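entry-v1.csv (CSV, C-alpha atoms and all ligand atoms)
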```
chain,number,residue,atom,x,y,z
A,1,MET,CA,1.9,18.8,31.4
A,2,THR,CA,0.3,18.8,28.0
A,3,SER,CA,-0.6,22.2,26.5
A,4,ASN,CA,-2.8,23.1,23.6
A,5,GLN,CA,-0.4,25.6,22.4
A,6,PRO,CA,1.7,24.5,19.4
A,7,ALA,CA,5.5,24.3,20.0
A,8,LYS,CA,7.4,27.5,19.4
A,9,ALA,CA,8.9,27.7,16.0
A,10,THR,CA,12.4,26.4,15.7
A,11,PRO,CA,13.5,26.5,12.1
A,12,PRO,CA,14.6,23.3,10.4
A,13,THR,CA,18.4,22.6,10.6
A,14,SER,CA,20.4,23.6,7.6
A,15,LYS,CA,22.6,20.5,8.1
A,16,LEU,CA,20.1,18.2,6.2
A,17,ASP,CA,19.2,18.0,2.6
A,18,TRP,CA,15.5,18.2,3.1
A,19,ASN,CA,14.8,17.3,-0.5
A,20,ASN,CA,16.6,14.0,-0.3
A,21,LEU,CA,15.7,12.6,3.1
A,22,GLY,CA,14.8,9.0,2.2
A,23,PHE,CA,13.6,6.8,5.1
A,24,SER,CA,16.3,6.0,7.5
A,25,GLU,CA,17.5,6.5,11.1
A,26,ARG,CA,19.4,9.8,11.5
A,27,GLU,CA,21.4,11.3,14.3
A,28,VAL,CA,19.2,13.7,16.3
A,29,ASN,CA,19.5,15.5,19.7
A,30,GLY,CA,18.2,12.7,21.8
A,31,HIS,CA,15.3,10.4,22.8
A,32,VAL,CA,12.9,9.9,25.8
A,33,ARG,CA,12.9,7.0,28.1
A,34,VAL,CA,10.5,6.0,30.9
A,35,THR,CA,11.1,2.9,33.1
A,36,TYR,CA,8.5,0.7,34.6
A,37,ARG,CA,9.8,-0.5,38.0
A,38,ASP,CA,8.2,-1.6,41.3
A,39,GLY,CA,4.9,-1.8,39.6
A,40,GLN,CA,4.8,1.8,38.3
A,41,TRP,CA,6.0,4.1,35.6
A,42,GLN,CA,8.8,6.4,36.7
A,43,ASP,CA,9.6,9.9,35.5
A,44,LEU,CA,10.5,10.9,31.9
A,45,GLU,CA,14.2,10.9,31.2
A,46,TRP,CA,16.0,12.6,28.3
A,47,HIS,CA,19.0,10.7,26.8
A,48,THR,CA,21.4,11.9,24.2
A,49,ASP,CA,23.2,8.5,23.7
A,50,PRO,CA,21.1,6.4,21.3
A,51,ASN,CA,22.6,3.1,22.8
A,52,LEU,CA,20.9,1.1,25.5
A,53,ASN,CA,22.6,-0.9,28.2
A,54,LEU,CA,20.6,-4.1,28.5
A,55,HIS,CA,21.0,-7.3,30.6
A,56,VAL,CA,21.7,-10.2,28.2
A,57,ALA,CA,18.8,-12.1,29.7
A,58,ALA,CA,16.3,-9.2,28.9
A,59,THR,CA,13.2,-10.9,27.5
A,60,CYS,CA,12.9,-8.4,24.7
A,61,LEU,CA,16.2,-9.8,23.4
A,62,ASN,CA,15.5,-13.4,24.1
A,63,TYR,CA,11.8,-13.9,23.5
A,64,GLY,CA,10.9,-10.8,21.4
A,65,GLN,CA,8.8,-9.3,24.2
A,66,GLN,CA,8.4,-5.8,22.7
A,67,CYS,CA,6.1,-3.7,20.5
A,68,PHE,CA,6.3,-0.4,18.7
A,69,GLU,CA,4.4,2.3,17.0
A,70,GLY,CA,4.9,4.7,14.1
A,71,ILE,CA,3.6,8.3,14.1
A,72,LYS,CA,4.4,11.5,12.2
A,73,ALA,CA,4.8,15.1,13.2
A,74,PHE,CA,4.4,17.8,10.6
A,75,ARG,CA,5.4,21.5,10.3
A,76,THR,CA,2.6,23.8,9.2
A,77,SER,CA,2.9,26.9,7.0
A,78,ARG,CA,2.7,29.0,10.3
A,79,ASP,CA,5.8,27.1,11.5
A,80,SER,CA,3.9,25.3,14.3
A,81,VAL,CA,4.5,21.6,14.8
A,82,HIS,CA,1.7,19.1,15.2
A,83,ILE,CA,1.6,15.3,15.8
A,84,PHE,CA,-0.9,13.4,13.7
A,85,ARG,CA,-3.6,11.5,15.8
A,86,PRO,CA,-1.2,10.2,18.5
A,87,GLN,CA,-4.2,9.1,20.7
A,88,GLU,CA,-5.0,6.4,18.2
A,89,ASN,CA,-1.4,5.1,18.4
A,90,SER,CA,-1.6,5.2,22.2
A,91,LYS,CA,-4.6,2.8,22.0
A,92,ARG,CA,-2.9,0.5,19.5
A,93,LEU,CA,0.3,0.4,21.6
A,94,ASN,CA,-1.6,-0.7,24.6
A,95,LEU,CA,-3.4,-3.4,22.5
A,96,SER,CA,0.1,-4.7,21.5
A,97,ALA,CA,1.3,-4.4,25.1
A,98,ARG,CA,-1.5,-6.6,26.3
A,99,MET,CA,-0.8,-9.1,23.5
A,100,ALA,CA,2.9,-9.3,24.6
A,101,SER,CA,2.1,-9.4,28.4
A,102,MET,CA,3.6,-5.9,29.1
A,103,PRO,CA,2.2,-3.1,31.2
A,104,GLU,CA,0.1,-0.5,29.4
A,105,VAL,CA,1.5,3.0,28.9
A,106,PRO,CA,-1.2,5.5,30.2
A,107,GLU,CA,-2.3,7.8,27.4
A,108,ASP,CA,-1.2,10.9,29.3
A,109,LEU,CA,2.3,9.5,29.8
A,110,PHE,CA,2.4,8.4,26.2
A,111,LEU,CA,1.5,11.9,25.0
A,112,ARG,CA,4.0,13.6,27.4
A,113,ALA,CA,6.8,11.4,26.2
A,114,LEU,CA,5.9,12.1,22.5
A,115,LYS,CA,5.8,15.8,23.2
A,116,ALA,CA,9.2,15.8,25.0
A,117,ALA,CA,10.8,13.8,22.2
A,118,VAL,CA,9.5,16.2,19.5
A,119,ALA,CA,10.3,19.3,21.6
A,120,GLY,CA,13.8,18.2,22.0
A,121,ASN,CA,14.3,17.6,18.3
A,122,LEU,CA,12.3,20.5,16.8
A,123,GLU,CA,15.0,21.4,14.3
A,124,PHE,CA,14.6,18.0,12.8
A,125,VAL,CA,11.0,18.5,11.8
A,126,PRO,CA,11.2,19.0,8.1
A,127,PRO,CA,10.2,22.3,6.5
A,128,TYR,CA,6.5,22.8,5.7
A,129,LYS,CA,5.6,20.6,2.8
A,130,PRO,CA,9.0,20.4,1.1
A,131,LYS,CA,8.1,19.8,-2.5
A,132,ALA,CA,10.6,17.0,-3.0
A,133,SER,CA,10.5,14.8,0.1
A,134,ASN,CA,7.1,14.3,1.7
A,135,GLY,CA,9.0,15.2,4.8
A,136,ALA,CA,7.9,14.6,8.4
A,137,LEU,CA,9.4,13.8,11.8
A,138,TYR,CA,8.9,10.1,12.2
A,139,ILE,CA,8.2,9.2,15.8
A,140,ARG,CA,8.9,5.7,17.0
A,141,PRO,CA,7.4,4.8,20.4
A,142,LEU,CA,9.0,1.5,21.5
A,143,LEU,CA,8.0,-0.6,24.5
A,144,ILE,CA,10.5,-3.3,25.6
A,145,ALA,CA,10.7,-5.8,28.4
A,146,SER,CA,14.1,-4.7,29.6
A,147,GLY,CA,14.3,-6.8,32.7
A,148,PRO,CA,16.0,-10.3,32.8
A,149,ARG,CA,14.1,-13.6,33.0
A,150,LEU,CA,15.1,-17.0,31.7
A,151,ILE,CA,11.7,-18.7,32.1
A,152,LEU,CA,8.8,-17.9,29.9
A,153,ASP,CA,7.3,-15.1,32.0
A,154,SER,CA,7.4,-11.4,32.1
A,155,PRO,CA,10.2,-9.7,34.0
A,156,SER,CA,9.5,-6.9,36.5
A,157,GLU,CA,11.2,-4.1,34.4
A,158,PHE,CA,10.0,-2.5,31.2
A,159,THR,CA,11.2,0.5,29.3
A,160,PHE,CA,9.1,2.8,27.1
A,161,ILE,CA,11.2,4.7,24.6
A,162,VAL,CA,10.3,7.4,22.1
A,163,TRP,CA,12.9,8.1,19.4
A,164,VAL,CA,12.6,10.2,16.3
A,165,SER,CA,14.1,10.6,12.9
A,166,PRO,CA,13.3,13.0,10.1
A,167,VAL,CA,12.1,11.1,7.1
A,168,GLY,CA,10.9,11.5,3.5
A,169,SER,CA,9.0,8.9,1.4
A,170,LEU,CA,9.3,5.2,2.3
A,171,TYR,CA,8.9,4.4,-1.4
A,172,GLY,CA,10.5,6.5,-4.2
A,173,SER,CA,12.6,9.6,-3.7
A,174,SER,CA,11.2,12.0,-6.2
A,175,SER,CA,8.9,14.9,-5.7
A,176,SER,CA,5.9,13.2,-7.4
A,177,ILE,CA,3.9,10.7,-5.5
A,178,PRO,CA,5.6,7.4,-6.4
A,179,ALA,CA,3.6,4.5,-7.9
A,180,VAL,CA,5.1,1.1,-7.0
A,181,ASP,CA,5.0,-2.5,-8.4
A,182,ALA,CA,3.6,-5.0,-5.9
A,183,PHE,CA,4.2,-8.8,-5.6
A,184,VAL,CA,1.8,-11.2,-3.9
A,185,LEU,CA,3.8,-13.4,-1.5
A,186,ASP,CA,2.0,-16.7,-1.6
A,187,THR,CA,4.9,-18.8,-0.2
A,188,PHE,CA,5.0,-17.2,3.2
A,189,ASP,CA,2.3,-16.8,5.8
A,190,ARG,CA,2.7,-13.6,7.7
A,191,THR,CA,0.4,-14.1,10.7
A,192,ALA,CA,-2.2,-16.6,11.8
A,193,PRO,CA,-5.9,-15.7,11.8
A,194,LEU,CA,-6.1,-15.7,15.6
A,195,GLY,CA,-2.6,-14.6,16.1
A,196,THR,CA,-0.7,-11.4,16.5
A,197,GLY,CA,-1.2,-9.7,13.1
A,198,HIS,CA,-3.5,-7.0,14.4
A,199,THR,CA,-0.8,-5.8,16.8
A,200,LYS,CA,2.5,-4.1,16.2
A,201,LEU,CA,5.0,-6.7,17.5
A,202,GLY,CA,8.5,-6.8,16.1
A,203,GLY,CA,8.0,-10.5,15.6
A,204,ASN,CA,5.5,-9.8,12.8
A,205,TYR,CA,8.1,-7.9,10.9
A,206,ALA,CA,11.5,-9.7,11.1
A,207,PRO,CA,10.3,-12.8,9.2
A,208,VAL,CA,9.3,-10.7,6.2
A,209,PHE,CA,12.8,-9.2,5.7
A,210,ARG,CA,13.9,-12.1,3.7
A,211,PRO,CA,11.0,-12.6,1.3
A,212,THR,CA,10.6,-8.8,0.8
A,213,ALA,CA,14.4,-8.5,0.1
A,214,GLU,CA,14.0,-11.2,-2.6
A,215,ALA,CA,11.0,-9.4,-4.1
A,216,LYS,CA,12.9,-6.1,-4.1
A,217,LYS,CA,15.7,-7.7,-6.0
A,218,LYS,CA,13.2,-8.7,-8.7
A,219,GLY,CA,11.9,-5.1,-8.9
A,220,TYR,CA,8.9,-5.3,-6.5
A,221,PRO,CA,9.4,-2.7,-3.7
A,222,ILE,CA,6.3,-3.7,-1.9
A,223,THR,CA,4.9,-7.2,-1.0
A,224,LEU,CA,1.3,-8.1,-0.4
A,225,HIS,CA,0.2,-10.9,2.0
A,226,LEU,CA,-2.8,-13.2,1.7
A,227,ASP,CA,-4.8,-14.6,4.6
A,228,SER,CA,-2.8,-17.4,6.1
A,229,ALA,CA,-5.7,-19.8,6.6
A,230,THR,CA,-6.9,-20.1,3.0
A,231,ARG,CA,-4.6,-17.9,0.9
A,232,THR,CA,-7.7,-16.6,-0.9
A,233,HIS,CA,-8.1,-13.2,0.6
A,234,ILE,CA,-6.0,-10.0,0.7
A,235,ASP,CA,-4.6,-9.2,4.1
A,236,GLU,CA,-2.1,-6.3,3.9
A,237,PHE,CA,1.3,-5.2,2.6
A,238,SER,CA,4.4,-6.0,4.7
A,239,THR,CA,4.6,-2.3,5.6
A,240,SER,CA,1.1,-1.0,5.5
A,241,ASN,CA,-2.6,-1.7,4.9
A,242,ALA,CA,-4.1,-2.2,1.4
A,243,LEU,CA,-6.9,-0.1,-0.1
A,244,ALA,CA,-8.6,-0.5,-3.5
A,245,ILE,CA,-10.8,1.7,-5.6
A,246,LYS,CA,-13.8,0.6,-7.6
A,247,GLN,CA,-15.6,2.8,-10.1
A,248,ASN,CA,-18.8,2.4,-12.1
A,249,HIS,CA,-18.7,2.3,-15.9
A,250,GLN,CA,-19.4,6.1,-16.1
A,251,GLY,CA,-16.6,6.7,-13.7
A,252,ASP,CA,-18.8,9.0,-11.6
A,253,GLN,CA,-19.3,6.7,-8.6
A,254,VAL,CA,-16.2,5.9,-6.6
A,255,THR,CA,-16.1,3.2,-3.9
A,256,LEU,CA,-13.1,2.8,-1.5
A,257,VAL,CA,-12.8,-0.9,-0.8
A,258,VAL,CA,-11.1,-1.6,2.6
A,259,PRO,CA,-10.0,-5.2,3.2
A,260,GLU,CA,-11.2,-6.7,6.5
A,261,SER,CA,-9.2,-9.4,8.2
A,262,THR,CA,-8.6,-10.4,11.8
A,263,SER,CA,-4.8,-10.4,11.2
A,264,ILE,CA,-4.1,-6.9,9.9
A,265,LEU,CA,-3.1,-3.8,11.7
A,266,ARG,CA,-5.6,-1.0,12.4
A,267,SER,CA,-3.8,1.6,10.4
A,268,VAL,CA,-4.4,5.2,11.5
A,269,THR,CA,-3.7,6.4,8.0
A,270,LYS,CA,-6.4,4.0,6.7
A,271,LEU,CA,-8.9,5.2,9.3
A,272,SER,CA,-8.2,8.8,8.3
A,273,VAL,CA,-8.5,8.1,4.6
A,274,CYS,CA,-11.8,6.3,5.1
A,275,GLN,CA,-13.2,9.5,6.8
A,276,ILE,CA,-11.8,11.7,4.0
A,277,ALA,CA,-13.3,9.4,1.3
A,278,GLU,CA,-16.7,9.5,2.9
A,279,LYS,CA,-16.9,13.0,4.3
A,280,ILE,CA,-14.8,15.0,1.9
A,281,CYS,CA,-14.9,13.1,-1.4
A,282,GLY,CA,-18.5,11.8,-1.0
A,283,TRP,CA,-17.4,8.3,-2.0
A,284,LYS,CA,-18.9,5.0,-0.7
A,285,VAL,CA,-16.6,3.2,1.7
A,286,GLU,CA,-16.9,-0.6,1.7
A,287,LEU,CA,-15.3,-2.6,4.6
A,288,ARG,CA,-15.2,-6.3,3.7
A,289,PRO,CA,-13.0,-9.3,3.0
A,290,VAL,CA,-11.5,-8.8,-0.5
A,291,SER,CA,-10.8,-12.0,-2.4
A,292,PHE,CA,-7.6,-12.5,-4.3
A,293,GLU,CA,-9.8,-13.6,-7.3
A,294,GLU,CA,-11.1,-10.0,-7.5
A,295,VAL,CA,-7.5,-8.7,-7.8
A,296,LYS,CA,-6.7,-11.4,-10.4
A,297,ALA,CA,-9.8,-10.5,-12.4
A,298,ASN,CA,-8.6,-6.9,-12.5
A,299,SER,CA,-11.8,-5.6,-10.8
A,300,PHE,CA,-10.2,-2.6,-9.2
A,301,SER,CA,-9.3,0.6,-11.0
A,302,GLU,CA,-6.7,1.6,-8.4
A,303,PHE,CA,-4.9,0.0,-5.5
A,304,MET,CA,-2.8,1.7,-2.8
A,305,ALA,CA,-0.8,1.1,0.4
A,306,ALA,CA,-1.8,3.2,3.5
A,307,GLY,CA,0.4,3.5,6.6
A,308,THR,CA,2.3,6.0,8.6
A,309,ALA,CA,5.6,5.3,6.9
A,310,ALA,CA,4.0,4.5,3.5
A,311,GLY,CA,1.6,7.4,3.6
A,312,ILE,CA,-0.6,6.9,0.6
A,313,THR,CA,1.4,5.0,-1.9
A,314,PRO,CA,-0.3,4.1,-5.2
A,315,VAL,CA,0.3,0.6,-6.6
A,316,ARG,CA,0.6,0.6,-10.4
A,317,SER,CA,0.8,-3.1,-10.9
A,318,ILE,CA,0.2,-6.3,-8.9
A,319,SER,CA,2.1,-9.4,-9.9
A,320,PHE,CA,1.6,-13.0,-8.7
A,321,ASN,CA,2.7,-16.5,-9.1
A,322,SER,CA,0.8,-18.2,-11.9
A,323,LYS,CA,1.3,-21.7,-10.3
A,324,PRO,CA,0.2,-23.0,-6.9
A,325,PRO,CA,3.1,-22.3,-4.4
A,326,ILE,CA,5.5,-25.2,-3.8
A,327,LEU,CA,5.8,-25.6,0.0
A,328,LEU,CA,8.2,-28.0,1.6
A,329,LYS,CA,6.3,-30.5,3.8
A,330,GLY,CA,8.1,-33.0,6.0
A,331,ASP,CA,8.4,-34.7,9.3
A,332,GLY,CA,11.6,-32.9,10.2
A,333,SER,CA,13.8,-35.9,9.5
A,334,SER,CA,15.6,-34.6,6.5
A,335,ASP,CA,17.9,-31.6,6.1
A,336,ASP,CA,15.4,-30.2,3.6
A,337,ASP,CA,12.6,-30.2,6.2
A,338,HIS,CA,14.5,-27.6,8.2
A,339,GLN,CA,14.6,-25.1,5.3
A,340,GLY,CA,11.1,-24.0,5.9
A,341,PRO,CA,8.9,-22.7,3.1
A,342,LYS,CA,10.7,-21.9,-0.2
A,343,PHE,CA,10.7,-18.1,-0.4
A,344,GLY,CA,12.2,-18.0,-3.8
A,345,LEU,CA,10.1,-15.9,-6.2
A,346,PRO,CA,8.9,-17.7,-9.4
A,347,GLU,CA,10.7,-17.3,-12.7
A,348,ASP,CA,9.7,-14.3,-14.7
A,349,ASN,CA,7.8,-16.4,-17.2
A,350,GLU,CA,5.7,-17.8,-14.4
A,351,VAL,CA,4.5,-14.4,-13.1
A,352,ILE,CA,1.2,-12.8,-14.1
A,353,ARG,CA,1.1,-9.0,-13.9
A,354,ILE,CA,-2.0,-7.0,-13.6
A,355,ASP,CA,-1.6,-3.3,-14.5
A,356,LEU,CA,-3.7,-0.8,-12.6
A,357,GLY,CA,-4.8,2.4,-14.5
A,358,ASP,CA,-2.1,3.2,-17.0
A,359,GLY,CA,0.3,0.9,-15.1
A,360,LYS,CA,2.7,3.8,-14.6
A,361,THR,CA,1.4,6.7,-12.5
A,362,ALA,CA,-0.8,7.3,-9.5
A,363,GLY,CA,-4.5,7.1,-10.4
A,364,ALA,CA,-6.6,10.2,-9.9
A,365,ASN,CA,-8.4,8.9,-6.8
A,366,ALA,CA,-5.2,7.9,-5.0
A,367,GLN,CA,-3.7,11.3,-5.8
A,368,ARG,CA,-6.9,13.0,-4.4
A,369,LEU,CA,-6.6,11.0,-1.2
A,370,PHE,CA,-2.9,11.8,-0.9
A,371,ASP,CA,-3.5,15.5,-1.5
A,372,GLU,CA,-6.4,15.7,1.0
A,373,LEU,CA,-4.6,13.7,3.7
A,374,THR,CA,-1.4,15.7,3.5
A,375,SER,CA,-3.3,19.0,3.5
A,376,TYR,CA,-4.9,18.0,6.8
A,377,GLN,CA,-1.6,16.7,8.2
A,378,CYS,CA,0.2,20.0,7.3
A,379,GLY,CA,-2.6,22.1,8.7
A,380,ASP,CA,-3.6,23.6,5.3
A,381,GLN,CA,-7.3,22.8,6.1
A,382,PRO,CA,-9.1,23.7,9.3
A,383,ASP,CA,-8.7,20.6,11.6
A,384,GLN,CA,-12.4,19.7,11.4
A,385,PHE,CA,-11.7,16.1,12.5
A,386,GLY,CA,-9.5,17.0,15.5
A,387,TRP,CA,-6.6,15.1,14.1
A,388,LEU,CA,-3.7,17.5,15.0
A,389,TRP,CA,-2.1,17.5,18.4
A,390,PRO,CA,0.2,20.4,19.1
A,391,ALA,CA,3.7,19.2,19.9
B,401,LIG,C1,5.0,2.5,10.1
B,401,LIG,O1,4.3,2.7,9.1
B,401,LIG,O2,5.0,3.4,11.0
B,401,LIG,C2,5.7,1.3,10.3
B,401,LIG,O3,6.1,1.0,11.4
B,401,LIG,C3,6.0,0.5,9.1
B,401,LIG,C4,7.5,0.1,9.0
B,401,LIG,C5,7.7,-0.8,7.9
B,401,LIG,C6,8.4,1.3,8.9
```

Starting from the file, give its structure as structure tokens.
Ligand code: COI
Amino acid sequence: MTSNQPAKATPPTSKLDWNNLGFSEREVNGHVRVTYRDGQWQDLEWHTDPNLNLHVAATCLNYGQQCFEGIKAFRTSRDSVHIFRPQENSKRLNLSARMASMPEVPEDLFLRALKAAVAGNLEFVPPYKPKASNGALYIRPLLIASGPRLILDSPSEFTFIVWVSPVGSLYGSSSSIPAVDAFVLDTFDRTAPLGTGHTKLGGNYAPVFRPTAEAKKKGYPITLHLDSATRTHIDEFSTSNALAIKQNHQGDQVTLVVPESTSILRSVTKLSVCQIAEKICGWKVELRPVSFEEVKANSFSEFMAAGTAAGITPVRSISFNSKPPILLKGDGSSDDDHQGPKFGLPEDNEVIRIDLGDGKTAGANAQRLFDELTSYQCGDQPDQFGWLWPA
């Protein structure tokens, strides 16, 4: 069913303000659903109603048995539409599916579902490189255990859904590439070293809503997590992977430093940026554990977030608690013990801020990676890496 011909041009709808998209769920034409029943995947279905009818005992609702992906489709200057590296997300979805004891979605089915979801919503693919929005059609593949089961075991029915929404930048709303202030969350452990952090389970995300909302209120749109075992190394941001830049004193040798950890997601954007850094920019790429001390010592000239939703988001400052975190410990016998870790951010006078570059704008190397990546995504460059898949 998959063809190598790009989708026929359907112009972007005039009903949306493409320069002010933001990052939210929007009403579109419909979504794709595929049911797993009787031990096999059934045919693709197109649904216009975004609501699902689920049994109250569905294990996705009760036990969080689900996983998801994030992918983007872009419009080229020739008005064709391409999906960026969906095969990588297919592999990662199946890694998450195995983690959550769900059946894998065969790659061919995954790609057909994506193609159908995009083809049915072509007018929601933003215009080619709209200057003011970093626009793309965000594709959200979602695999849920939709069957009922009270005991801790998998049901016999699962549903694979692909829904889409036109989006702009996750951070910032202006035309320039936004540079954000980050805060290191040392009072909350995101995922365990041998746990689920390398997979995209919803359960990794809901617990960060509260601490990240508190950080946002204090002026930090993005939060950085440390490794849960020792809290001495950089894991990733709540929304995306972390990347750092090191330069020699002359500034003519650039190294892209990529934190390694067992509990972070294998970001497709990060993988792409590593290839660009090495093959296009001629930089050194260093994959290794990155200690928090290196960040505190201001050893990096630039820092950035990399992810499907985040794209390349430069970080202009990193702030952290100057004191060791106060964690509640207890035997569960007092009311306080049930509060869990204190999420509250430290007082402003207890925070240390490290400025990166001029502390205001994107550094030159982050800007270069952003420009190179978007030029491949929008088809401005010949697709030498084979990253674009015609929708
Ligand atoms: C993505 O980058 O696709 C994600 O799922 C991150 C999420 C915070 C929007």

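You will find atom CA of A:Asn20 at 25.1 Å from atom CA of A:Thr48.
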
At most 7 Å from ligand LIG 401 (chain B) (only C-alpha atoms and all ligand atoms): residue list as a list in words: Glu69, Gly70, Ile71, Ser238, Thr239, Ser240, Gly307, Thr308, Ala309 and Ala310 of chain A

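Among the candidate residues A:Cys378, A:Leu44, A:Ala179, A:Leu150, the one lying nearest to A:Leu137 is A:Cys378, with distances computed using all atoms listed in the file.
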
Residues near A:Glu294, cut-off 12 Å, all atoms listed in the file, skip fewer than 6 positions along chain, as a ChimeraX atom specification: /A:232-234,244-246,257,259,300-301,303,318,354

Contact residues around A:Ile352 with only C-alpha atoms at 12 Å, ignoring same-chain residues under 3 positions, as a PyMOL selection string: chain A and resi 182-184+295-298+317-323+346-349+355

Near-A:Ile139 list (10 Å; all atoms listed in the file; drop same-chain fewer than 3 positions) as a list in words: Glu69, Gly70, Ile71, Lys72, Ala73, Ile83, Pro86, Leu114, Ala117, Val118, Ala136, Leu142, Val162, Trp163, Val164, Ser165, Pro166, Val167 and Thr308 of chain A

Expected file contents, prior selection, C-alpha atoms, as a tab-separated table (two decimals), in the coordinates of the input:
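Saved as out_17.tsv:
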```
chain	number	residue	atom	x	y	z
A	69	GLU	CA	4.40	2.30	17.00
A	70	GLY	CA	4.90	4.70	14.10
A	71	ILE	CA	3.60	8.30	14.10
A	72	LYS	CA	4.40	11.50	12.20
A	73	ALA	CA	4.80	15.10	13.20
A	83	ILE	CA	1.60	15.30	15.80
A	86	PRO	CA	-1.20	10.20	18.50
A	114	LEU	CA	5.90	12.10	22.50
A	117	ALA	CA	10.80	13.80	22.20
A	118	VAL	CA	9.50	16.20	19.50
A	136	ALA	CA	7.90	14.60	8.40
A	142	LEU	CA	9.00	1.50	21.50
A	162	VAL	CA	10.30	7.40	22.10
A	163	TRP	CA	12.90	8.10	19.40
A	164	VAL	CA	12.60	10.20	16.30
A	165	SER	CA	14.10	10.60	12.90
A	166	PRO	CA	13.30	13.00	10.10
A	167	VAL	CA	12.10	11.10	7.10
A	308	THR	CA	2.30	6.00	8.60
```

Atom-to-atom span, atom CA of A:Gly172 and atom CA of A:Thr374, Å: 16.9 Å

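For the pair atom CA of A:Ala119 and atom CA of A:Val34, the separation is 16.2 Å.
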
Of the listed residues A:Pro314, A:Ser146, A:Leu345, A:Thr191, that which approaches A:Ala215 most closely, counting all atoms listed in the file: A:Leu345

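Counting only C-alpha atoms and comparing A:Gly359, A:Pro390, A:Gly64, A:Gly30, the residue that lies closest to A:Ala206 is A:Gly64.
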
Sphere at (13.6, 6.4, 28.8), radius 7 Å, counting only C-alpha atoms: residues as a list of chain:residue names: A:Val32, A:Arg33, A:Val34, A:Thr35, A:Leu44, A:Glu45, A:Trp46, A:Thr159, A:Phe160, A:Ile161

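Considering the residues A:Arg316, A:Lys200, A:Asp252, A:Thr262 and counting only C-alpha atoms, A:Gly282 has its shortest atom-to-atom contact with A:Asp252.
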
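With only C-alpha atoms as the atoms that count, the minimum distance from A:Phe385 to the choices A:Lys218, A:Lys279, A:Ser90, A:Thr59 is reached by A:Lys279.
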
Within 9 Å of A:Leu243 using all atoms listed in the file, minus same-chain residues under 5 positions, as a PyMOL selection string: chain A and resi 236+256-259+270+302-306

For the residues in that selection, give me C-alpha atoms as an mmCIF file, keeping the file's coordinate frame.
```cif
data_model
loop_
_atom_site.group_PDB
_atom_site.id
_atom_site.type_symbol
_atom_site.label_atom_id
_atom_site.label_comp_id
_atom_site.auth_asym_id
_atom_site.auth_seq_id
_atom_site.Cartn_x
_atom_site.Cartn_y
_atom_site.Cartn_z
ATOM 1 C CA GLU A 236 -2.100 -6.300 3.900
ATOM 2 C CA LEU A 256 -13.100 2.800 -1.500
ATOM 3 C CA VAL A 257 -12.800 -0.900 -0.800
ATOM 4 C CA VAL A 258 -11.100 -1.600 2.600
ATOM 5 C CA PRO A 259 -10.000 -5.200 3.200
ATOM 6 C CA LYS A 270 -6.400 4.000 6.700
ATOM 7 C CA GLU A 302 -6.700 1.600 -8.400
ATOM 8 C CA PHE A 303 -4.900 0.000 -5.500
ATOM 9 C CA MET A 304 -2.800 1.700 -2.800
ATOM 10 C CA ALA A 305 -0.800 1.100 0.400
ATOM 11 C CA ALA A 306 -1.800 3.200 3.500
#
```

Given only C-alpha atoms as the counted atoms, nearest of A:Pro126, A:Gln40, A:Ser14, A:Gly203 to A:Met99: A:Gly203

Local residues around (7.3, 1.4, 33.0), at most 9 Å away, using all atoms listed in the file, as a PyMOL selection string: chain A and resi 34-42+103-105+143+157-160

From the structure just shown, export stretch 259-267 of chain A with N, CA and C atoms as a short mmCIF file (atom, residue, chain, number, x, y, z; two decimals), in the first residue's frame.
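Okay, this is what ended up in selection24.cif:
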```cif
data_model
loop_
_atom_site.label_atom_id
_atom_site.label_comp_id
_atom_site.auth_asym_id
_atom_site.auth_seq_id
_atom_site.Cartn_x
_atom_site.Cartn_y
_atom_site.Cartn_z
N PRO A 259 24.74 13.20 26.22
CA PRO A 259 24.66 12.42 27.45
C PRO A 259 24.17 10.99 27.20
N GLU A 260 24.87 10.04 27.80
CA GLU A 260 24.46 8.63 27.72
C GLU A 260 23.84 8.23 29.04
N SER A 261 22.78 7.48 29.01
CA SER A 261 22.13 7.01 30.23
C SER A 261 21.20 5.86 29.85
N THR A 262 20.98 4.95 30.79
CA THR A 262 20.07 3.83 30.48
C THR A 262 18.61 4.27 30.56
N SER A 263 18.38 5.45 31.12
CA SER A 263 16.97 5.81 31.36
C SER A 263 16.51 7.02 30.56
N ILE A 264 17.10 7.22 29.37
CA ILE A 264 16.59 8.30 28.52
C ILE A 264 16.10 7.75 27.19
N LEU A 265 15.26 8.54 26.56
CA LEU A 265 14.66 8.13 25.30
C LEU A 265 15.67 8.23 24.16
N ARG A 266 15.54 7.34 23.20
CA ARG A 266 16.41 7.38 22.00
C ARG A 266 15.77 8.37 21.02
N SER A 267 16.10 9.64 21.22
CA SER A 267 15.45 10.69 20.42
C SER A 267 15.88 10.62 18.96
#
```
